[in-house]
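File shown: start.pdb (PDB, C-alpha atoms).
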ATOM      1  CA  MET M   1      18.385 -19.828 -45.383
ATOM      2  CA  THR M   2      15.944 -16.972 -45.881
ATOM      3  CA  LEU M   3      16.534 -13.321 -45.040
ATOM      4  CA  ILE M   4      14.266 -13.437 -41.984
ATOM      5  CA  GLN M   5      16.240 -16.398 -40.642
ATOM      6  CA  TRP M   6      19.481 -14.459 -41.021
ATOM      7  CA  GLY M   7      17.849 -11.509 -39.256
ATOM      8  CA  PHE M   8      16.774 -13.607 -36.280
ATOM      9  CA  ILE M   9      20.143 -15.354 -36.091
ATOM     10  CA  LEU M  10      21.833 -11.957 -36.038
ATOM     11  CA  VAL M  11      19.601 -10.740 -33.179
ATOM     12  CA  PHE M  12      19.785 -13.922 -31.083
ATOM     13  CA  GLY M  13      23.499 -14.359 -31.868
ATOM     14  CA  SER M  14      24.352 -10.834 -30.714
ATOM     15  CA  LEU M  15      22.293 -11.415 -27.563
ATOM     16  CA  VAL M  16      24.280 -14.583 -26.866
ATOM     17  CA  LEU M  17      27.581 -12.747 -27.357
ATOM     18  CA  ARG M  18      26.482  -9.815 -25.194
ATOM     19  CA  LEU M  19      25.339 -12.211 -22.472
ATOM     20  CA  ILE M  20      28.671 -14.079 -22.504
ATOM     21  CA  TRP M  21      30.428 -10.715 -22.149
ATOM     22  CA  LEU M  22      28.172  -9.691 -19.231
ATOM     23  CA  ILE M  23      28.688 -13.039 -17.467
ATOM     24  CA  TYR M  24      32.449 -12.743 -17.992
ATOM     25  CA  ARG M  25      32.397  -9.230 -16.440
ATOM     26  CA  GLY M  26      30.266 -10.471 -13.532
ATOM     27  CA  ALA M  27      27.400  -8.096 -14.418
ATOM     28  CA  VAL M  28      24.974 -11.034 -14.661
ATOM     29  CA  PRO M  29      25.019 -13.869 -12.083
ATOM     30  CA  ARG M  30      26.340 -17.084 -13.656
ATOM     31  CA  ARG M  31      23.264 -19.212 -12.908
ATOM     32  CA  ARG M  32      20.805 -16.717 -14.291
ATOM     33  CA  GLY M  33      23.135 -16.001 -17.220
ATOM     34  CA  ALA M  34      23.356 -19.720 -18.028
ATOM     35  CA  ILE M  35      19.554 -20.000 -18.215
ATOM     36  CA  TRP M  36      19.340 -17.047 -20.637
ATOM     37  CA  LEU M  37      22.285 -18.399 -22.601
ATOM     38  CA  VAL M  38      20.490 -21.721 -23.100
ATOM     39  CA  LEU M  39      17.285 -19.914 -24.143
ATOM     40  CA  TRP M  40      18.943 -17.601 -26.692
ATOM     41  CA  SER M  41      21.054 -20.458 -28.039
ATOM     42  CA  LEU M  42      17.903 -22.519 -28.490
ATOM     43  CA  GLY M  43      16.466 -19.536 -30.365
ATOM     44  CA  VAL M  44      19.457 -19.516 -32.739
ATOM     45  CA  MET M  45      19.162 -23.294 -33.239
ATOM     46  CA  VAL M  46      15.418 -23.248 -33.948
ATOM     47  CA  VAL M  47      15.776 -20.379 -36.418
ATOM     48  CA  ALA M  48      18.718 -22.024 -38.186
ATOM     49  CA  LYS M  49      17.103 -25.488 -38.223
ATOM     50  CA  PRO M  50      13.290 -25.023 -38.333
ATOM     51  CA  GLU M  51      12.820 -28.830 -38.410
ATOM     52  CA  LEU M  52      13.819 -28.788 -34.706
ATOM     53  CA  SER M  53      10.551 -26.969 -33.912
ATOM     54  CA  THR M  54       8.633 -29.691 -35.794
ATOM     55  CA  LYS M  55      10.351 -32.325 -33.648
ATOM     56  CA  LEU M  56       9.450 -30.307 -30.557
ATOM     57  CA  ALA M  57       5.841 -30.100 -31.810
ATOM     58  CA  SER M  58       5.525 -33.847 -32.268
ATOM     59  CA  TRP M  59       7.126 -34.371 -28.865
ATOM     60  CA  LEU M  60       4.608 -31.978 -27.277
ATOM     61  CA  GLY M  61       1.719 -33.458 -29.261
ATOM     62  CA  VAL M  62       1.071 -30.237 -31.200
ATOM     63  CA  ALA M  63       0.364 -30.239 -34.925
ATOM     64  CA  ARG M  64       2.901 -27.722 -36.271
ATOM     65  CA  GLY M  65       6.305 -26.454 -35.240
ATOM     66  CA  ALA M  66       5.109 -22.831 -35.350
ATOM     67  CA  ASP M  67       2.282 -23.688 -32.919
ATOM     68  CA  ALA M  68       4.750 -25.331 -30.544
ATOM     69  CA  ILE M  69       6.936 -22.212 -30.590
ATOM     70  CA  SER M  70       3.878 -20.012 -29.920
ATOM     71  CA  TYR M  71       2.804 -22.130 -26.927
ATOM     72  CA  VAL M  72       6.285 -22.217 -25.466
ATOM     73  CA  ALA M  73       6.656 -18.453 -26.026
ATOM     74  CA  ILE M  74       3.307 -17.716 -24.303
ATOM     75  CA  ALA M  75       4.236 -19.903 -21.324
ATOM     76  CA  PHE M  76       7.643 -18.271 -21.121
ATOM     77  CA  LEU M  77       6.189 -14.732 -21.350
ATOM     78  CA  SER M  78       3.625 -15.555 -18.657
ATOM     79  CA  ILE M  79       6.397 -16.634 -16.319
ATOM     80  CA  LEU M  80       8.353 -13.480 -17.148
ATOM     81  CA  ILE M  81       5.355 -11.210 -16.506
ATOM     82  CA  PHE M  82       4.619 -12.952 -13.202
ATOM     83  CA  ARG M  83       8.244 -12.572 -12.176
ATOM     84  CA  ALA M  84       8.271  -8.909 -13.260
ATOM     85  CA  PHE M  85       5.140  -8.184 -11.182
ATOM     86  CA  GLN M  86       6.718  -9.900  -8.198
ATOM     87  CA  LEU M  87       9.827  -7.765  -8.532
ATOM     88  CA  ILE M  88       7.770  -4.576  -8.919
ATOM     89  CA  GLU M  89       5.844  -5.436  -5.771
ATOM     90  CA  ILE M  90       8.972  -6.160  -3.769
ATOM     91  CA  GLN M  91      10.540  -2.897  -4.918
ATOM     92  CA  ASP M  92       7.313  -1.010  -4.229
ATOM     93  CA  ARG M  93       7.367  -2.248  -0.637
ATOM     94  CA  GLN M  94      11.018  -1.343  -0.315
ATOM     95  CA  ILE M  95      10.333   2.177  -1.626
ATOM     96  CA  SER M  96       7.519   2.514   0.933
ATOM     97  CA  GLU M  97       9.807   1.422   3.757
ATOM     98  CA  LEU M  98      12.473   3.815   2.548
ATOM     99  CA  THR M  99       9.953   6.667   2.376
ATOM    100  CA  THR M 100       8.862   6.014   5.959
ATOM    101  CA  ALA M 101      12.455   5.719   7.162
ATOM    102  CA  LEU M 102      13.374   9.011   5.469
ATOM    103  CA  ALA M 103      10.343  10.799   6.901
ATOM    104  CA  LEU M 104      11.072   9.522  10.414
ATOM    105  CA  LYS M 105      14.759  10.417  10.179
ATOM    106  CA  GLU M 106      14.126  13.922   8.898
ATOM    107  CA  TRP M 107      11.517  14.465  11.602
ATOM    108  CA  ALA M 108      13.731  13.060  14.393
ATOM    109  CA  ASP M 109      16.658  15.217  13.237
ATOM    110  CA  GLY M 110      14.404  18.287  13.238
ATOM    111  CA  ARG M 111      13.184  17.527  16.761
ATOM    112  CA  GLU M 112      16.735  17.029  17.973
ATOM    113  CA  MET M 113      17.761  20.389  16.557
ATOM    114  CA  MET M 114      14.763  22.063  18.178
ATOM    115  CA  LEU M 115      15.647  20.523  21.555
ATOM    116  CA  LYS M 116      19.256  21.713  21.166
ATOM    117  CA  ASP M 117      18.053  25.222  20.293
ATOM    118  CA  ASP M 118      15.770  25.233  23.355
ATOM    119  CA  ALA M 119      18.666  24.130  25.569
TER
ATOM    120  CA  MET V   1      -1.497   8.729  29.630
ATOM    121  CA  LYS V   2      -0.210  10.314  26.440
ATOM    122  CA  THR V   3      -2.630  10.508  23.538
ATOM    123  CA  VAL V   4      -1.372  11.268  20.053
ATOM    124  CA  ALA V   5      -3.450  11.917  16.945
ATOM    125  CA  VAL V   6      -2.141  10.832  13.563
ATOM    126  CA  ILE V   7      -3.503  12.598  10.486
ATOM    127  CA  PRO V   8      -2.447  11.303   7.066
ATOM    128  CA  ALA V   9      -2.792  14.134   4.558
ATOM    129  CA  PHE V  10      -2.436  14.662   0.835
ATOM    130  CA  ASN V  11      -3.060  18.084  -0.675
ATOM    131  CA  GLU V  12      -5.191  19.263   2.262
ATOM    132  CA  ALA V  13      -3.758  22.773   2.719
ATOM    133  CA  SER V  14      -7.204  24.377   2.654
ATOM    134  CA  VAL V  15      -8.626  22.393   5.600
ATOM    135  CA  ILE V  16      -5.716  20.948   7.564
ATOM    136  CA  ALA V  17      -5.215  23.959   9.876
ATOM    137  CA  GLU V  18      -8.752  23.723  11.229
ATOM    138  CA  VAL V  19      -8.539  19.953  11.690
ATOM    139  CA  VAL V  20      -5.207  20.238  13.531
ATOM    140  CA  THR V  21      -6.353  23.102  15.765
ATOM    141  CA  GLU V  22      -9.574  21.328  16.766
ATOM    142  CA  THR V  23      -7.833  17.973  17.282
ATOM    143  CA  LEU V  24      -5.192  19.566  19.529
ATOM    144  CA  GLU V  25      -7.939  20.379  22.029
ATOM    145  CA  TYR V  26      -8.436  16.656  22.707
ATOM    146  CA  VAL V  27      -4.963  15.115  22.440
ATOM    147  CA  ASP V  28      -1.438  15.831  23.665
ATOM    148  CA  LEU V  29       0.158  15.873  20.251
ATOM    149  CA  VAL V  30      -0.943  15.915  16.617
ATOM    150  CA  ILE V  31       1.239  14.259  14.002
ATOM    151  CA  VAL V  32       0.456  15.076  10.393
ATOM    152  CA  VAL V  33       1.996  12.843   7.752
ATOM    153  CA  ASP V  34       2.189  14.801   4.535
ATOM    154  CA  ASP V  35       2.078  12.192   1.778
ATOM    155  CA  GLY V  36       4.078  14.059  -0.849
ATOM    156  CA  SER V  37       1.538  16.884  -1.233
ATOM    157  CA  ARG V  38       2.039  19.391  -4.011
ATOM    158  CA  ASP V  39       0.478  22.185  -1.977
ATOM    159  CA  ASP V  40       1.379  23.763   1.380
ATOM    160  CA  THR V  41      -0.155  21.031   3.559
ATOM    161  CA  ALA V  42       3.040  20.518   5.567
ATOM    162  CA  LYS V  43       3.652  24.219   6.122
ATOM    163  CA  VAL V  44       0.058  24.955   7.130
ATOM    164  CA  ALA V  45      -0.125  21.945   9.455
ATOM    165  CA  LYS V  46       3.102  22.960  11.150
ATOM    166  CA  SER V  47       1.909  26.531  11.708
ATOM    167  CA  ALA V  48      -1.310  25.137  13.202
ATOM    168  CA  GLY V  49       0.748  23.330  15.831
ATOM    169  CA  ALA V  50       1.249  19.835  14.447
ATOM    170  CA  GLU V  51       4.425  17.807  14.244
ATOM    171  CA  VAL V  52       4.869  17.140  10.530
ATOM    172  CA  LEU V  53       6.479  14.199   8.805
ATOM    173  CA  ARG V  54       6.943  14.346   5.059
ATOM    174  CA  HIS V  55       6.904  11.526   2.558
ATOM    175  CA  VAL V  56       9.181  12.578  -0.282
ATOM    176  CA  ILE V  57       6.885  10.780  -2.719
ATOM    177  CA  GLN V  58       3.222   9.816  -2.435
ATOM    178  CA  ARG V  59       2.827   6.356  -0.897
ATOM    179  CA  GLY V  60      -0.865   6.284  -0.043
ATOM    180  CA  VAL V  61      -3.018   6.690   3.024
ATOM    181  CA  GLY V  62      -2.094   3.263   4.424
ATOM    182  CA  ARG V  63       1.612   3.908   4.364
ATOM    183  CA  SER V  64       1.109   7.447   5.732
ATOM    184  CA  THR V  65      -0.840   6.030   8.651
ATOM    185  CA  SER V  66       1.906   3.502   9.255
ATOM    186  CA  THR V  67       4.548   6.267   9.272
ATOM    187  CA  GLY V  68       2.413   8.294  11.674
ATOM    188  CA  LEU V  69       1.891   5.360  14.020
ATOM    189  CA  GLN V  70       5.623   4.703  14.121
ATOM    190  CA  ALA V  71       6.281   8.354  14.970
ATOM    191  CA  ALA V  72       3.589   8.253  17.658
ATOM    192  CA  LEU V  73       5.229   5.197  19.212
ATOM    193  CA  LEU V  74       8.593   6.987  19.167
ATOM    194  CA  VAL V  75       7.185   9.911  21.166
ATOM    195  CA  GLY V  76       5.803   7.467  23.740
ATOM    196  CA  ALA V  77       2.099   7.530  22.907
ATOM    197  CA  ASP V  78      -0.093   5.318  25.087
ATOM    198  CA  PHE V  79      -3.131   5.808  22.875
ATOM    199  CA  ILE V  80      -3.092   6.728  19.203
ATOM    200  CA  VAL V  81      -6.053   8.134  17.303
ATOM    201  CA  THR V  82      -6.137   8.325  13.521
ATOM    202  CA  ILE V  83      -8.414  10.885  11.956
ATOM    203  CA  ASP V  84      -9.012  12.008   8.362
ATOM    204  CA  ALA V  85      -7.490  15.262   7.167
ATOM    205  CA  ASP V  86     -10.471  16.368   5.067
ATOM    206  CA  GLY V  87     -12.535  17.500   8.040
ATOM    207  CA  GLN V  88     -15.194  14.794   7.803
ATOM    208  CA  HIS V  89     -14.635  13.677  11.403
ATOM    209  CA  LEU V  90     -15.431  15.582  14.554
ATOM    210  CA  PRO V  91     -12.384  15.831  16.825
ATOM    211  CA  SER V  92     -14.828  16.361  19.703
ATOM    212  CA  GLU V  93     -15.672  12.653  19.354
ATOM    213  CA  ILE V  94     -12.095  11.569  20.038
ATOM    214  CA  GLU V  95     -12.954  11.067  23.700
ATOM    215  CA  SER V  96     -15.753   8.628  22.929
ATOM    216  CA  VAL V  97     -13.558   6.715  20.475
ATOM    217  CA  LEU V  98     -10.851   6.481  23.140
ATOM    218  CA  GLU V  99     -13.193   5.402  25.932
ATOM    219  CA  PRO V 100     -13.168   1.624  25.234
ATOM    220  CA  LEU V 101      -9.359   1.743  25.262
ATOM    221  CA  ARG V 102      -9.228   3.651  28.551
ATOM    222  CA  ASP V 103     -11.735   1.192  30.049
ATOM    223  CA  ASP V 104      -9.603  -1.700  28.776
ATOM    224  CA  LYS V 105     -12.500  -3.085  26.763
ATOM    225  CA  ALA V 106     -10.643  -2.957  23.447
ATOM    226  CA  ASP V 107      -7.249  -2.745  21.767
ATOM    227  CA  LEU V 108      -8.527  -1.174  18.576
ATOM    228  CA  VAL V 109     -11.588   1.029  18.256
ATOM    229  CA  ILE V 110     -13.345   1.847  14.984
ATOM    230  CA  GLY V 111     -15.339   5.039  14.745
ATOM    231  CA  SER V 112     -18.316   3.668  12.845
ATOM    232  CA  ARG V 113     -20.307   5.837  10.455
ATOM    233  CA  VAL V 114     -23.044   3.237  10.404
ATOM    234  CA  LEU V 115     -25.550   5.207  12.476
ATOM    235  CA  ASP V 116     -25.103   8.091  10.147
ATOM    236  CA  ARG V 117     -25.239   5.978   7.027
ATOM    237  CA  LYS V 118     -28.392   7.634   5.775
ATOM    238  CA  ARG V 119     -26.401  10.812   5.322
ATOM    239  CA  MET V 120     -23.749   8.974   3.354
ATOM    240  CA  PRO V 121     -23.863   9.580  -0.396
ATOM    241  CA  LEU V 122     -25.556   6.603  -2.104
ATOM    242  CA  LEU V 123     -22.515   5.344  -4.027
ATOM    243  CA  ARG V 124     -20.334   5.571  -0.933
ATOM    244  CA  ARG V 125     -22.980   3.777   1.156
ATOM    245  CA  MET V 126     -23.146   0.932  -1.349
ATOM    246  CA  GLY V 127     -19.367   0.767  -1.550
ATOM    247  CA  ASN V 128     -19.126   0.721   2.234
ATOM    248  CA  ARG V 129     -21.593  -2.148   2.560
ATOM    249  CA  PHE V 130     -19.805  -4.138  -0.100
ATOM    250  CA  ALA V 131     -16.400  -3.495   1.506
ATOM    251  CA  ASN V 132     -17.791  -4.740   4.840
ATOM    252  CA  PHE V 133     -19.130  -7.850   3.143
ATOM    253  CA  TRP V 134     -15.828  -8.415   1.347
ATOM    254  CA  THR V 135     -13.848  -7.912   4.565
ATOM    255  CA  TRP V 136     -16.088 -10.449   6.279
ATOM    256  CA  ILE V 137     -15.793 -13.017   3.464
ATOM    257  CA  LEU V 138     -12.055 -12.757   2.982
ATOM    258  CA  LEU V 139     -10.773 -11.796   6.401
ATOM    259  CA  GLY V 140     -13.484 -13.091   8.713
ATOM    260  CA  VAL V 141     -14.052  -9.712  10.349
ATOM    261  CA  ALA V 142     -17.662  -8.653  10.792
ATOM    262  CA  VAL V 143     -17.822  -4.915  11.495
ATOM    263  CA  SER V 144     -20.265  -2.220  10.518
ATOM    264  CA  ASP V 145     -17.682   0.123   9.010
ATOM    265  CA  SER V 146     -14.515  -1.553   7.832
ATOM    266  CA  GLN V 147     -13.347   1.531   5.905
ATOM    267  CA  SER V 148     -13.471   4.161   8.622
ATOM    268  CA  GLY V 149     -10.306   6.208   9.060
ATOM    269  CA  PHE V 150     -11.350   7.380  12.530
ATOM    270  CA  ARG V 151      -9.750   4.780  14.762
ATOM    271  CA  ALA V 152      -7.921   4.427  18.028
ATOM    272  CA  TYR V 153      -5.156   2.017  18.982
ATOM    273  CA  THR V 154      -3.479   1.132  22.237
ATOM    274  CA  ARG V 155       0.298   1.368  22.163
ATOM    275  CA  ASP V 156       0.537  -2.412  22.211
ATOM    276  CA  ALA V 157      -1.879  -2.787  19.283
ATOM    277  CA  ALA V 158      -0.008  -0.199  17.196
ATOM    278  CA  LYS V 159       3.254  -1.990  17.897
ATOM    279  CA  ARG V 160       1.925  -5.403  16.975
ATOM    280  CA  LEU V 161       0.040  -4.497  13.825
ATOM    281  CA  PRO V 162       2.193  -4.590  10.706
ATOM    282  CA  LEU V 163       0.760  -1.948   8.384
ATOM    283  CA  ASP V 164       2.311  -2.785   5.051
ATOM    284  CA  ALA V 165      -0.575  -1.816   2.813
ATOM    285  CA  ARG V 166      -0.302   1.401   0.831
ATOM    286  CA  GLY V 167      -3.830   2.468   0.011
ATOM    287  CA  TYR V 168      -7.280   2.285   1.579
ATOM    288  CA  GLU V 169      -7.061  -1.514   1.740
ATOM    289  CA  PHE V 170      -5.082  -1.014   4.948
ATOM    290  CA  CYS V 171      -8.418  -0.360   6.742
ATOM    291  CA  SER V 172      -9.643  -3.910   6.143
ATOM    292  CA  LEU V 173      -6.273  -5.629   6.253
ATOM    293  CA  THR V 174      -5.505  -4.112   9.656
ATOM    294  CA  LEU V 175      -8.746  -5.572  10.991
ATOM    295  CA  GLY V 176      -7.926  -8.998   9.555
ATOM    296  CA  GLU V 177      -4.503  -8.899  11.168
ATOM    297  CA  ALA V 178      -5.953  -7.615  14.449
ATOM    298  CA  ILE V 179      -8.309 -10.585  14.628
ATOM    299  CA  ARG V 180      -5.508 -12.965  13.693
ATOM    300  CA  ILE V 181      -3.261 -11.803  16.544
ATOM    301  CA  GLY V 182      -6.131 -11.739  19.010
ATOM    302  CA  LEU V 183      -6.735  -8.010  19.465
ATOM    303  CA  ARG V 184     -10.101  -6.883  20.776
ATOM    304  CA  ILE V 185     -12.012  -4.698  18.298
ATOM    305  CA  PHE V 186     -14.755  -2.356  19.426
ATOM    306  CA  GLU V 187     -16.987  -0.035  17.427
ATOM    307  CA  VAL V 188     -18.200   3.363  18.508
ATOM    308  CA  PRO V 189     -20.731   5.414  16.544
ATOM    309  CA  ILE V 190     -19.396   8.658  15.114
ATOM    310  CA  THR V 191     -20.794  11.576  13.171
ATOM    311  CA  VAL V 192     -19.570  12.314   9.680
ATOM    312  CA  ILE V 193     -19.678  15.696   8.048
ATOM    313  CA  TYR V 194     -20.127  15.446   4.309
ATOM    314  CA  THR V 195     -19.161  18.623   2.531
ATOM    315  CA  GLU V 196     -18.472  19.120  -1.159
ATOM    316  CA  TYR V 197     -14.810  19.011  -0.248
ATOM    317  CA  SER V 198     -14.886  15.813   1.809
ATOM    318  CA  ARG V 199     -17.008  14.119  -0.856
ATOM    319  CA  SER V 200     -14.372  14.899  -3.439
ATOM    320  CA  LYS V 201     -11.797  13.211  -1.229
ATOM    321  CA  GLY V 202     -11.696   9.657   0.085
ATOM    322  CA  GLN V 203     -12.744   6.596  -1.834
ATOM    323  CA  GLY V 204     -14.435   7.239  -5.130
ATOM    324  CA  PHE V 205     -15.845   4.443  -7.286
ATOM    325  CA  PHE V 206     -12.595   3.504  -9.014
ATOM    326  CA  THR V 207     -10.577   3.764  -5.797
ATOM    327  CA  SER V 208     -13.109   1.434  -4.143
ATOM    328  CA  VAL V 209     -12.761  -1.124  -6.925
ATOM    329  CA  LYS V 210      -8.982  -0.903  -6.629
ATOM    330  CA  THR V 211      -9.238  -1.233  -2.835
ATOM    331  CA  LEU V 212     -11.375  -4.373  -3.117
ATOM    332  CA  GLY V 213      -8.863  -5.819  -5.552
ATOM    333  CA  GLN V 214      -6.016  -5.075  -3.162
ATOM    334  CA  ILE V 215      -7.922  -6.605  -0.210
ATOM    335  CA  THR V 216      -8.480  -9.730  -2.282
ATOM    336  CA  LYS V 217      -4.865  -9.914  -3.387
ATOM    337  CA  GLU V 218      -3.406  -9.327   0.071
ATOM    338  CA  SER V 219      -5.824 -11.698   1.811
ATOM    339  CA  LEU V 220      -4.775 -14.497  -0.551
ATOM    340  CA  ARG V 221      -1.118 -14.149   0.354
TER
END
Could you write out this file's structure as structure tokens?
Amino acid sequence: MTLIQWGFILVFGSLVLRLIWLIYRGAVPRRRGAIWLVLWSLGVMVVAKPELSTKLASWLGVARGADAISYVAIAFLSILIFRAFQLIEIQDRQISELTTALALKEWADGREMMLKDDA
Amino acid sequence: MKTVAVIPAFNEASVIAEVVTETLEYVDLVIVVDDGSRDDTAKVAKSAGAEVLRHVIQRGVGRSTSTGLQAALLVGADFIVTIDADGQHLPSEIESVLEPLRDDKADLVIGSRVLDRKRMPLLRRMGNRFANFWTWILLGVAVSDSQSGFRAYTRDAAKRLPLDARGYEFCSLTLGEAIRIGLRIFEVPITVIYTEYSRSKGQGFFTSVKTLGQITKESLR
């Protein structure tokens, strides 16, 4: 195995171990953790056995293993970006609702105090 | 009948007092929503006689209007007028904007700058026409001024309209939603005062592009 392969195995391997630890502690939901675990494990396997990517390429009808990995990576990143945008949007809406709720509460409290003072 | 004016404001300390004072002559209560201003907008508005709500962080004119409408409903408003904080609208025209609501001819009234369009700066005029076209194409609402901030709502309309949008896109999206839930929309001509200050505010070219993008995105939901 080449140095770069060892490097990637080290990175993916430590990610797998960290993920197992997080799932064990309950910091990552099991279902989501399992998906990531499969992905990182696949990463380790493909780096350790590059011929797997060639098999994947022929299965997908792509010429080279490296091309297959690129296509899969682009598709995966697109899904991740879409998901990230969705999450940002949801959180943005929640922040807006929170901002309104805070403003209304502060204002209502102020009015209440004024009414009490008047009384 | 209680009439409340809602004024969304961001960094408007230099003009807000005058707008509040003049508006108070035509309504029972003025609510200013300070959208996280870095100047004394809130303080000045309060001293001028407005009820002030403060967004702790800037959320945009759409969200500020939504906050203001909710506050107006809480104080029991029967009619709610929204007016810009930069002084481009004439509070003396509030009565004419409210008239179709009082006569039960409409649920939502738009103060249209269309009659005064010749006085509109060229870029803004073009942007306004395109926004109207875009609002018509995507939301099926044909109005002469889809981006006007001078509007009036009945209590029922304000309660039924979900105003989720943050920025200027709320102007068009509100109209789309109003049509969808069967509200009656009416347009009334208004005068617009363009000063150096008011020109520097509002929708510039890039904001307009962003607004059109947001309208497109939201209408495709």
Considering all atoms listed in the file, give me a table of residues in chain V that are at most 9 Å from chain M, with the closest atom pair and distance in Å for each, as a Markdown table.
| residue | atom | partner | partner_atom | distance |
| --- | --- | --- | --- | --- |
| V:Val33 | CA | M:Ala103 | CA | 8.6 |
| V:Glu51 | CA | M:Trp107 | CA | 8.3 |
| V:Val52 | CA | M:Trp107 | CA | 7.2 |
| V:Leu53 | CA | M:Ala103 | CA | 5.5 |
| V:Arg54 | CA | M:Ala103 | CA | 5.2 |
| V:His55 | CA | M:Ala103 | CA | 5.6 |
| V:Val56 | CA | M:Thr99 | CA | 6.5 |
| V:Ile57 | CA | M:Thr99 | CA | 7.2 |
| V:Gln58 | CA | M:Thr99 | CA | 8.9 |
| V:Arg59 | CA | M:Ser96 | CA | 6.3 |
| V:Arg63 | CA | M:Ser96 | CA | 7.0 |
| V:Ser64 | CA | M:Thr100 | CA | 7.9 |
| V:Ser66 | CA | M:Thr100 | CA | 8.1 |
| V:Thr67 | CA | M:Thr100 | CA | 5.4 |
| V:Gly68 | CA | M:Leu104 | CA | 8.8 |
| V:Gln70 | CA | M:Leu104 | CA | 8.2 |
| V:Ala71 | CA | M:Leu104 | CA | 6.7 |
| V:Asp164 | CA | M:Arg93 | CA | 7.6 |
| V:Ala165 | CA | M:Arg93 | CA | 8.7 |
| V:Arg166 | CA | M:Ser96 | CA | 7.9 |
Give the centre and edge lengths of an axis-aligned box, in Å to one decimal, that holds all listed atoms of stretch 159-167 of chain V with 6 Å on each side, as lines of an AutoDock Vina configuration file.
center_x = -0.3
center_y = -1.5
center_z = 9.0
size_x = 19.1
size_y = 19.9
size_z = 29.9
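The gap separating atom CA of V:Val141 from atom CA of V:Ala85 is 26.0 Å, in Å to one decimal.
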| Matched chain/residue IDs from the PyMOL selection byres ((chain V and resi 129) around 12), as number ranges by chain | V: 113-114, 117, 120, 122-128, 130-136, 142-148, 208, 212
| request: Tell me, as a list in words, which residues lie within 12 Å of M:Leu22, counting only C-alpha atoms; anything in the same chain fewer than 4 positions away does not count. | output: Leu15, Val16, Leu17, Arg18, Gly26, Ala27, Val28, Pro29, Arg30, Arg32, Gly33, Ala34, Trp36 and Leu37 of chain M
| query | What residues have an atom no more than 12 Å from (-8.4, 14.5, 7.9) in the file's own frame, counting only C-alpha atoms, and can you write them as a PyMOL selection string? | reply | chain V and resi 5-23+30-34+41+45+61+65+81-91+148-151+192-193+197-198+201-202
Kindly write stretch 34-43 of chain V with N, CA, C and O atoms to a file, as a CSV table (one decimal), in the first residue's frame.
chain,number,residue,atom,x,y,z
V,34,ASP,N,-38.5,48.1,15.5
V,34,ASP,CA,-37.1,48.4,15.3
V,34,ASP,C,-36.4,47.1,15.0
V,34,ASP,O,-36.3,46.2,15.8
V,35,ASP,N,-36.0,46.9,13.7
V,35,ASP,CA,-35.4,45.7,13.3
V,35,ASP,C,-33.9,45.6,13.6
V,35,ASP,O,-33.1,45.5,12.6
V,36,GLY,N,-33.6,45.6,14.8
V,36,GLY,CA,-32.2,45.5,15.2
V,36,GLY,C,-31.3,46.7,14.8
V,36,GLY,O,-30.1,46.5,14.4
V,37,SER,N,-31.9,47.9,14.8
V,37,SER,CA,-31.1,49.1,14.4
V,37,SER,C,-29.8,49.3,15.3
V,37,SER,O,-29.8,48.9,16.4
V,38,ARG,N,-28.8,49.9,14.6
V,38,ARG,CA,-27.6,50.2,15.4
V,38,ARG,C,-27.6,51.6,15.8
V,38,ARG,O,-26.7,52.1,16.5
V,39,ASP,N,-28.7,52.4,15.4
V,39,ASP,CA,-28.7,53.8,15.9
V,39,ASP,C,-29.9,53.9,16.9
V,39,ASP,O,-30.3,52.9,17.5
V,40,ASP,N,-30.3,55.1,17.2
V,40,ASP,CA,-31.3,55.3,18.2
V,40,ASP,C,-32.8,55.3,17.8
V,40,ASP,O,-33.7,55.9,18.3
V,41,THR,N,-33.0,54.5,16.7
V,41,THR,CA,-34.4,54.5,16.1
V,41,THR,C,-35.5,54.2,17.2
V,41,THR,O,-36.5,54.9,17.3
V,42,ALA,N,-35.2,53.2,18.0
V,42,ALA,CA,-36.2,52.8,19.1
V,42,ALA,C,-36.5,53.9,20.0
V,42,ALA,O,-37.6,54.3,20.3
V,43,LYS,N,-35.4,54.5,20.5
V,43,LYS,CA,-35.5,55.6,21.5
V,43,LYS,C,-36.2,56.8,20.9
V,43,LYS,O,-37.1,57.3,21.6
